[in-house]
Amino acid sequence: MSAFGRYWDLAPELLAVLDSQGNFKSLNQSWYTLLRLETASWVGRSLSELLHADDCQSFFRLLERVKSEPVAQDAFRIVADPQRVVRVPFQLIREDGELLLVGRSISVVNPAVSGMFSDTGDSREFIQTILDAIPDPIFVKDEGHRWIFGNRAFSELLGRSHGEYLGKSDYDVFSPEMADGFWQKDNEIMRLQTANEYEELIADPSGGENRTILTKKTPAIRSDGERILVGVIRDITERKKLEREIHDNREFLQTVLNGSPSVIYVKDIDGRYIFVNREYEKVLGIPAETMLGKNQKDFFSEEISREFDDEDHQVIREKRSFQFENQIEVAGKKHTYLTSKFPLFGAQGEVLAVCGISTDITEHLELQDQFEVSRQRLEVVIKAMKLGIWDWDIKNDILVWDDFNYEIFGIKKEDFTGAYQAFEKQLVPEDAKRLQASLQNAFDTQSDFKDEFRVRRDDGEIRIVRAESKGFYDENGQVIKHIGVNWDVTDQRQQEMRLLQTSKMSSLGEMAGGVAHEINNPLTIIIGKAQIISRLLAKPELDIALLRKHLDAIESTAHRIAQIVRGLRNFARDGTQDPFDQATVSSLIEDMLALCQSRFSSHAIDLQIVDRAGEERIECRPTQLLQILLNLMSNAFDAVEGTPERWVRVETRDVGVFVEFIVSDSGRGIPREIQDKILQPFFTTKNVGRGTGLGLSIASAFAKAHHGTLELDVSRHHTTFVLRLPKKH
């Protein structure tokens with residue numbers, strides 16, 4: 001009591017000093033003011049005498065608790081008189097051996113309210129007018145739960161006039177279920193004599209969905225002593241709808257943010273987390289409820305926390321977004337995050353929080369490093385191979401070269417105008433026309449471009465360049481650009497030519513016996529005819545007709561020898577620089593037979609010729625096609641030599657825009673496991689010293705140079721090669 005001093009009797013709270021048994025030692029004036037208790041008469045009496053019977057045991061337990069606790073609290077119902085029960089929350093404080101009792105939040109009867117609902121007609125009419133002007137519904141019920149008053153707003157809420165509900169209860173207006181709820185809450189207010197607020201549903205008088213109301217219910221006592229209940233209603237239907245929408249939107253936003261692969265969080269200006277998404281939980285391995293309300297210092301090292309703080313303060317200070325790159329350890333591995341941080345503003349433009357969106361870019365950076373290593377390696381390869389990269393914008397005719405191209409073509413950078421014509425100017429004229437046709441074919445078929453051409457450098461040297469590129473096309477199939485590479489293959493081609501000549505000489509050696517026999521037979525005929533003519537000339541009478549017959553035979557035989565020699569000469573010479581010329585299929589077959597027929601005959605090999613496309617013309621380098629055919633014939637000869645059944649078949653066919661040369665033999669065939677390798681350079685199935693392994697690879701290259709193909713037909717039982725070449729249009 002001494003601790004309160006003058007405040008003891010002025011305090012609005014119920015104050016009292018109790019002994020350890022719960023008896024009053026002193027009471028302040030509020031016990032009289034609020035409860036009409038004569039304070040002097042209660043000194044020495046127990047507080048339990050004022051309590052509702054059901055609360056006495058709780059009071060004695062409170063006395064026991066305060067023995068071990070400096071402060072204990074509970075709420076009890078005080079029965080001020082038989083008609084009035086007041087619920088009071090109490091604190092019991094142990095101090096200096098005494099117990100101080102403090103009671104607060106008492107439901108006080110307002111005399112003005114009590115008089116408002118007296119039976120005086122003028123007063124009631126006056127109050128009705130005032131309350132009808134209030135937009136919130138207000139009602140009053142008696143102890144029997146019957147309405148004794150309602151303002152205009154309440155009548156509108158019920159959809160009834162005063163006469164329709166005054167004197168009636170909830171059960172006369174609402175459904176039994178709804179009336180039960182109202183009745184139970186009203187009972188609680190009347191029993192405890194304490195005001196309370198309830199959120200309730202009430203039927204919509206227009207038949208729509210139930211309305212949501214917030215009702216403040218307060219107990220009161222009329223002047224005649226009758227207890228009443230005053231209710232003030234606030235229609236919160238729209239507010240609840242808005243709250244549900246906000247909740248749904250928040251749930252939706254939460255779902256979206258939780259589905260994001262990025263770390264997303266919001267921190268207040270003091271650095272405490274107020275939102276984290278599921279990805280952040282996963283990264284740190286900490287539940288969101290553990291993180292919320294805490295600072296980043298609780299989860300990161302001092303160094304990282306200081307770094308994050310500096311970033312947040314910069315965002316708050318400058319009121320704009322920033323990007324930062326941070327490294328943190330996740331599952332024992334360093335991860336790099338790219339973080340966008342931006343401020344969240346209040347209605348007055350003040351910064352309320354900082355939002356961060358962090359994306360793990362560890363793999364991206366690793367890929368960048370790998371890409372850089374690959375780029376450096378590619379650069380080394382390009383330099384080592386001296387590849388010239390080019391990019392040709394075909395629509396605008398802009399051709400861009402890198403530095404290696406100028407070295408390949410032997411011109412200065414300033415002398416190149418960057419157009420196709422400038423490139424074409426560097427080519428050998430006969431190759432320029434052919435290259436245009438090759439490019440056009442790639443454009444028309446939307447295929448990759450591959451070709452070789454000769455370049456005349458400024459110093460007069462001619463080099464062979466190979467070009468390969470990939471095309472890009474628009475939605476209409478029109479070519480947009482080609483990107484490709486050039487490289488100098490002169491040395492490679494010269495080496496191939498040397499190997500080719502070696503291969504040719506090897507073939508000539510193999511054919512030598514047959515060719516010698518092919519020439520010896522005609523020479524024997526010529527010598528014999530010459531001797532016959534000599535004897536005819538010695539006779540006195542000259543038989544002109546017989547003489548002409550023998551001379552014609554000599555001439556025909558000499559042409560036969562000339563054909564063989566021409567075939568040998570064509571086969572032995574380098575025809576790679578020859579211009580393309582026209583040749584018939586039959587002429588190619590004849591030249592081939594002139595060089596190999598005798599060899600096959602002398603070894604009892606049945607050579608079968610089926611020429612079904614003899615008169616078709618091919619634009620070609622005859623020497624190269626002759627080499628292809630002779631290589632196939634030589635391989636076929638080796639395949640059947642020494643076998644019981646020895647035959648080689650050469651067939652020509654007219655196949656649309658193509659002509660096919662088909663060479664098959666009766667040999668043992670090519671094993672399946674090496675069929676894919678048979679056209680590769682330096683691969684051979686022959687014994688050491690019998691072949692270089694270049695014949696078929698060179699033959700295949702010659703076929704491609706003629707826009708044709710050379711393939712092994714694996715569908716046939718016997719070894720069969722098919723040379724397909726386009727016809728001359």
# chains A, B, ... in the order shown; residues from 1 in each chain; ligands from 1
>>> select_by_dssp(residues="segment 124-355 of chain A", states="strand (DSSP E or B)", output="ChimeraX atom specification")
/A:138-141,147-150,196-202,211-221,227-235,263-268,272-276,295,322-330,333-345,351-355
>>> write_last_selection(atoms="C-alpha atoms", output="PDB file, in the first residue's frame")
ATOM      1  CA  ILE A 138     -27.734  -1.076 -32.682  1.00  0.00           C
ATOM      2  CA  PHE A 139     -30.069  -3.293 -30.655  1.00  0.00           C
ATOM      3  CA  VAL A 140     -30.999  -3.961 -27.031  1.00  0.00           C
ATOM      4  CA  LYS A 141     -32.220  -7.265 -25.563  1.00  0.00           C
ATOM      5  CA  TRP A 147     -35.447  -7.366 -28.516  1.00  0.00           C
ATOM      6  CA  ILE A 148     -36.654  -4.231 -26.730  1.00  0.00           C
ATOM      7  CA  PHE A 149     -34.954  -1.727 -29.037  1.00  0.00           C
ATOM      8  CA  GLY A 150     -33.454  -1.482 -32.512  1.00  0.00           C
ATOM      9  CA  ASN A 196     -17.002  -8.959 -25.773  1.00  0.00           C
ATOM     10  CA  GLU A 197     -16.803  -8.885 -29.575  1.00  0.00           C
ATOM     11  CA  TYR A 198     -17.975 -11.682 -31.873  1.00  0.00           C
ATOM     12  CA  GLU A 199     -17.692 -12.307 -35.579  1.00  0.00           C
ATOM     13  CA  GLU A 200     -21.014 -13.770 -36.693  1.00  0.00           C
ATOM     14  CA  LEU A 201     -23.032 -14.691 -39.773  1.00  0.00           C
ATOM     15  CA  ILE A 202     -26.491 -13.217 -40.259  1.00  0.00           C
ATOM     16  CA  ARG A 211     -23.634 -11.358 -44.261  1.00  0.00           C
ATOM     17  CA  THR A 212     -20.600 -11.305 -41.965  1.00  0.00           C
ATOM     18  CA  ILE A 213     -20.997  -8.984 -38.972  1.00  0.00           C
ATOM     19  CA  LEU A 214     -18.773  -7.945 -36.067  1.00  0.00           C
ATOM     20  CA  THR A 215     -20.944  -7.459 -32.952  1.00  0.00           C
ATOM     21  CA  LYS A 216     -19.782  -5.672 -29.774  1.00  0.00           C
ATOM     22  CA  LYS A 217     -22.062  -6.932 -26.973  1.00  0.00           C
ATOM     23  CA  THR A 218     -22.086  -5.083 -23.618  1.00  0.00           C
ATOM     24  CA  PRO A 219     -24.056  -5.921 -20.455  1.00  0.00           C
ATOM     25  CA  ALA A 220     -25.983  -3.067 -18.750  1.00  0.00           C
ATOM     26  CA  ILE A 221     -28.596  -2.492 -15.987  1.00  0.00           C
ATOM     27  CA  ARG A 227     -30.263  -6.510 -16.764  1.00  0.00           C
ATOM     28  CA  ILE A 228     -30.081  -5.842 -20.476  1.00  0.00           C
ATOM     29  CA  LEU A 229     -27.641  -6.477 -23.357  1.00  0.00           C
ATOM     30  CA  VAL A 230     -26.620  -3.708 -25.774  1.00  0.00           C
ATOM     31  CA  GLY A 231     -25.292  -4.765 -29.191  1.00  0.00           C
ATOM     32  CA  VAL A 232     -23.491  -2.619 -31.771  1.00  0.00           C
ATOM     33  CA  ILE A 233     -23.017  -4.230 -35.193  1.00  0.00           C
ATOM     34  CA  ARG A 234     -20.523  -3.486 -37.958  1.00  0.00           C
ATOM     35  CA  ASP A 235     -21.170  -5.136 -41.350  1.00  0.00           C
ATOM     36  CA  VAL A 263      16.221 -17.629 -53.872  1.00  0.00           C
ATOM     37  CA  ILE A 264      13.679 -14.914 -52.943  1.00  0.00           C
ATOM     38  CA  TYR A 265      13.492 -13.120 -49.592  1.00  0.00           C
ATOM     39  CA  VAL A 266      12.330  -9.866 -47.968  1.00  0.00           C
ATOM     40  CA  LYS A 267      14.061  -8.186 -45.011  1.00  0.00           C
ATOM     41  CA  ASP A 268      12.898  -5.197 -42.981  1.00  0.00           C
ATOM     42  CA  ARG A 272      15.231  -9.198 -40.114  1.00  0.00           C
ATOM     43  CA  TYR A 273      13.687 -11.703 -42.498  1.00  0.00           C
ATOM     44  CA  ILE A 274       9.946 -11.209 -43.019  1.00  0.00           C
ATOM     45  CA  PHE A 275       9.614 -13.567 -45.991  1.00  0.00           C
ATOM     46  CA  VAL A 276      11.685 -16.401 -47.479  1.00  0.00           C
ATOM     47  CA  ASN A 295      18.859 -11.515 -38.796  1.00  0.00           C
ATOM     48  CA  PHE A 322      21.443  -2.900 -57.439  1.00  0.00           C
ATOM     49  CA  GLN A 323      23.012  -6.154 -58.607  1.00  0.00           C
ATOM     50  CA  PHE A 324      25.590  -7.970 -56.517  1.00  0.00           C
ATOM     51  CA  GLU A 325      27.618 -11.153 -56.885  1.00  0.00           C
ATOM     52  CA  ASN A 326      28.044 -13.181 -53.713  1.00  0.00           C
ATOM     53  CA  GLN A 327      29.694 -16.437 -52.774  1.00  0.00           C
ATOM     54  CA  ILE A 328      28.272 -18.688 -50.073  1.00  0.00           C
ATOM     55  CA  GLU A 329      28.922 -22.291 -49.115  1.00  0.00           C
ATOM     56  CA  VAL A 330      26.100 -24.729 -49.879  1.00  0.00           C
ATOM     57  CA  LYS A 333      30.722 -26.375 -51.955  1.00  0.00           C
ATOM     58  CA  LYS A 334      31.226 -22.728 -52.850  1.00  0.00           C
ATOM     59  CA  HIS A 335      28.305 -21.381 -54.885  1.00  0.00           C
ATOM     60  CA  THR A 336      28.157 -18.040 -56.671  1.00  0.00           C
ATOM     61  CA  TYR A 337      24.852 -16.138 -56.683  1.00  0.00           C
ATOM     62  CA  LEU A 338      23.858 -13.143 -58.797  1.00  0.00           C
ATOM     63  CA  THR A 339      21.523 -11.093 -56.604  1.00  0.00           C
ATOM     64  CA  SER A 340      19.161  -8.268 -57.556  1.00  0.00           C
ATOM     65  CA  LYS A 341      18.190  -6.190 -54.522  1.00  0.00           C
ATOM     66  CA  PHE A 342      15.540  -3.462 -54.618  1.00  0.00           C
ATOM     67  CA  PRO A 343      13.643  -1.377 -52.063  1.00  0.00           C
ATOM     68  CA  LEU A 344       9.954  -1.800 -51.144  1.00  0.00           C
ATOM     69  CA  PHE A 345       8.290   1.564 -50.453  1.00  0.00           C
ATOM     70  CA  VAL A 351      11.700   2.405 -47.591  1.00  0.00           C
ATOM     71  CA  LEU A 352       9.958  -0.334 -45.622  1.00  0.00           C
ATOM     72  CA  ALA A 353      11.969  -3.373 -46.666  1.00  0.00           C
ATOM     73  CA  VAL A 354      14.568  -4.786 -49.068  1.00  0.00           C
ATOM     74  CA  CYS A 355      13.681  -7.607 -51.459  1.00  0.00           C
TER      75      CYS A 355
END
>>> residues_around(residues="Phe76 of chain A", least_positions_apart="5", cutoff="9 Å", atoms="only C-alpha atoms", output="VMD selection string")
chain A and resid 51 to 52 55 to 56 58 to 59 86 to 90
>>> residues_around(residues="Phe600 of chain A", least_positions_apart="2", cutoff="10 Å", atoms="only C-alpha atoms", output="VMD selection string")
chain A and resid 511 514 593 596 to 598 602 to 607 633 to 634 637 641 646 to 648
>>> select_by_dssp(residues="segment 326-417 of chain A", states="alpha helix (DSSP H)", output="NGL selection string")
:A and (362-385 or 403-409)
>>> closest_residue(among="A:Leu588, A:Val85, A:Ile609, A:Ile286", to="Pro622 of chain A", atoms="only C-alpha atoms")
A:Leu588
>>> closest_residue(among="A:Ser161, A:Asn151, A:Thr719, A:Thr643", to="Gln128 of chain A", atoms="only C-alpha atoms")
A:Asn151
>>> atom_distance(atom1="atom CA of Leu427 of chain A", atom2="atom CA of Asp491 of chain A")
17.9 Å
>>> residues_around(residues="Asp415 of chain A", least_positions_apart="5", cutoff="12 Å", atoms="only C-alpha atoms", output="PyMOL selection string")
chain A and resi 406+409-410+422-423+425-426+458
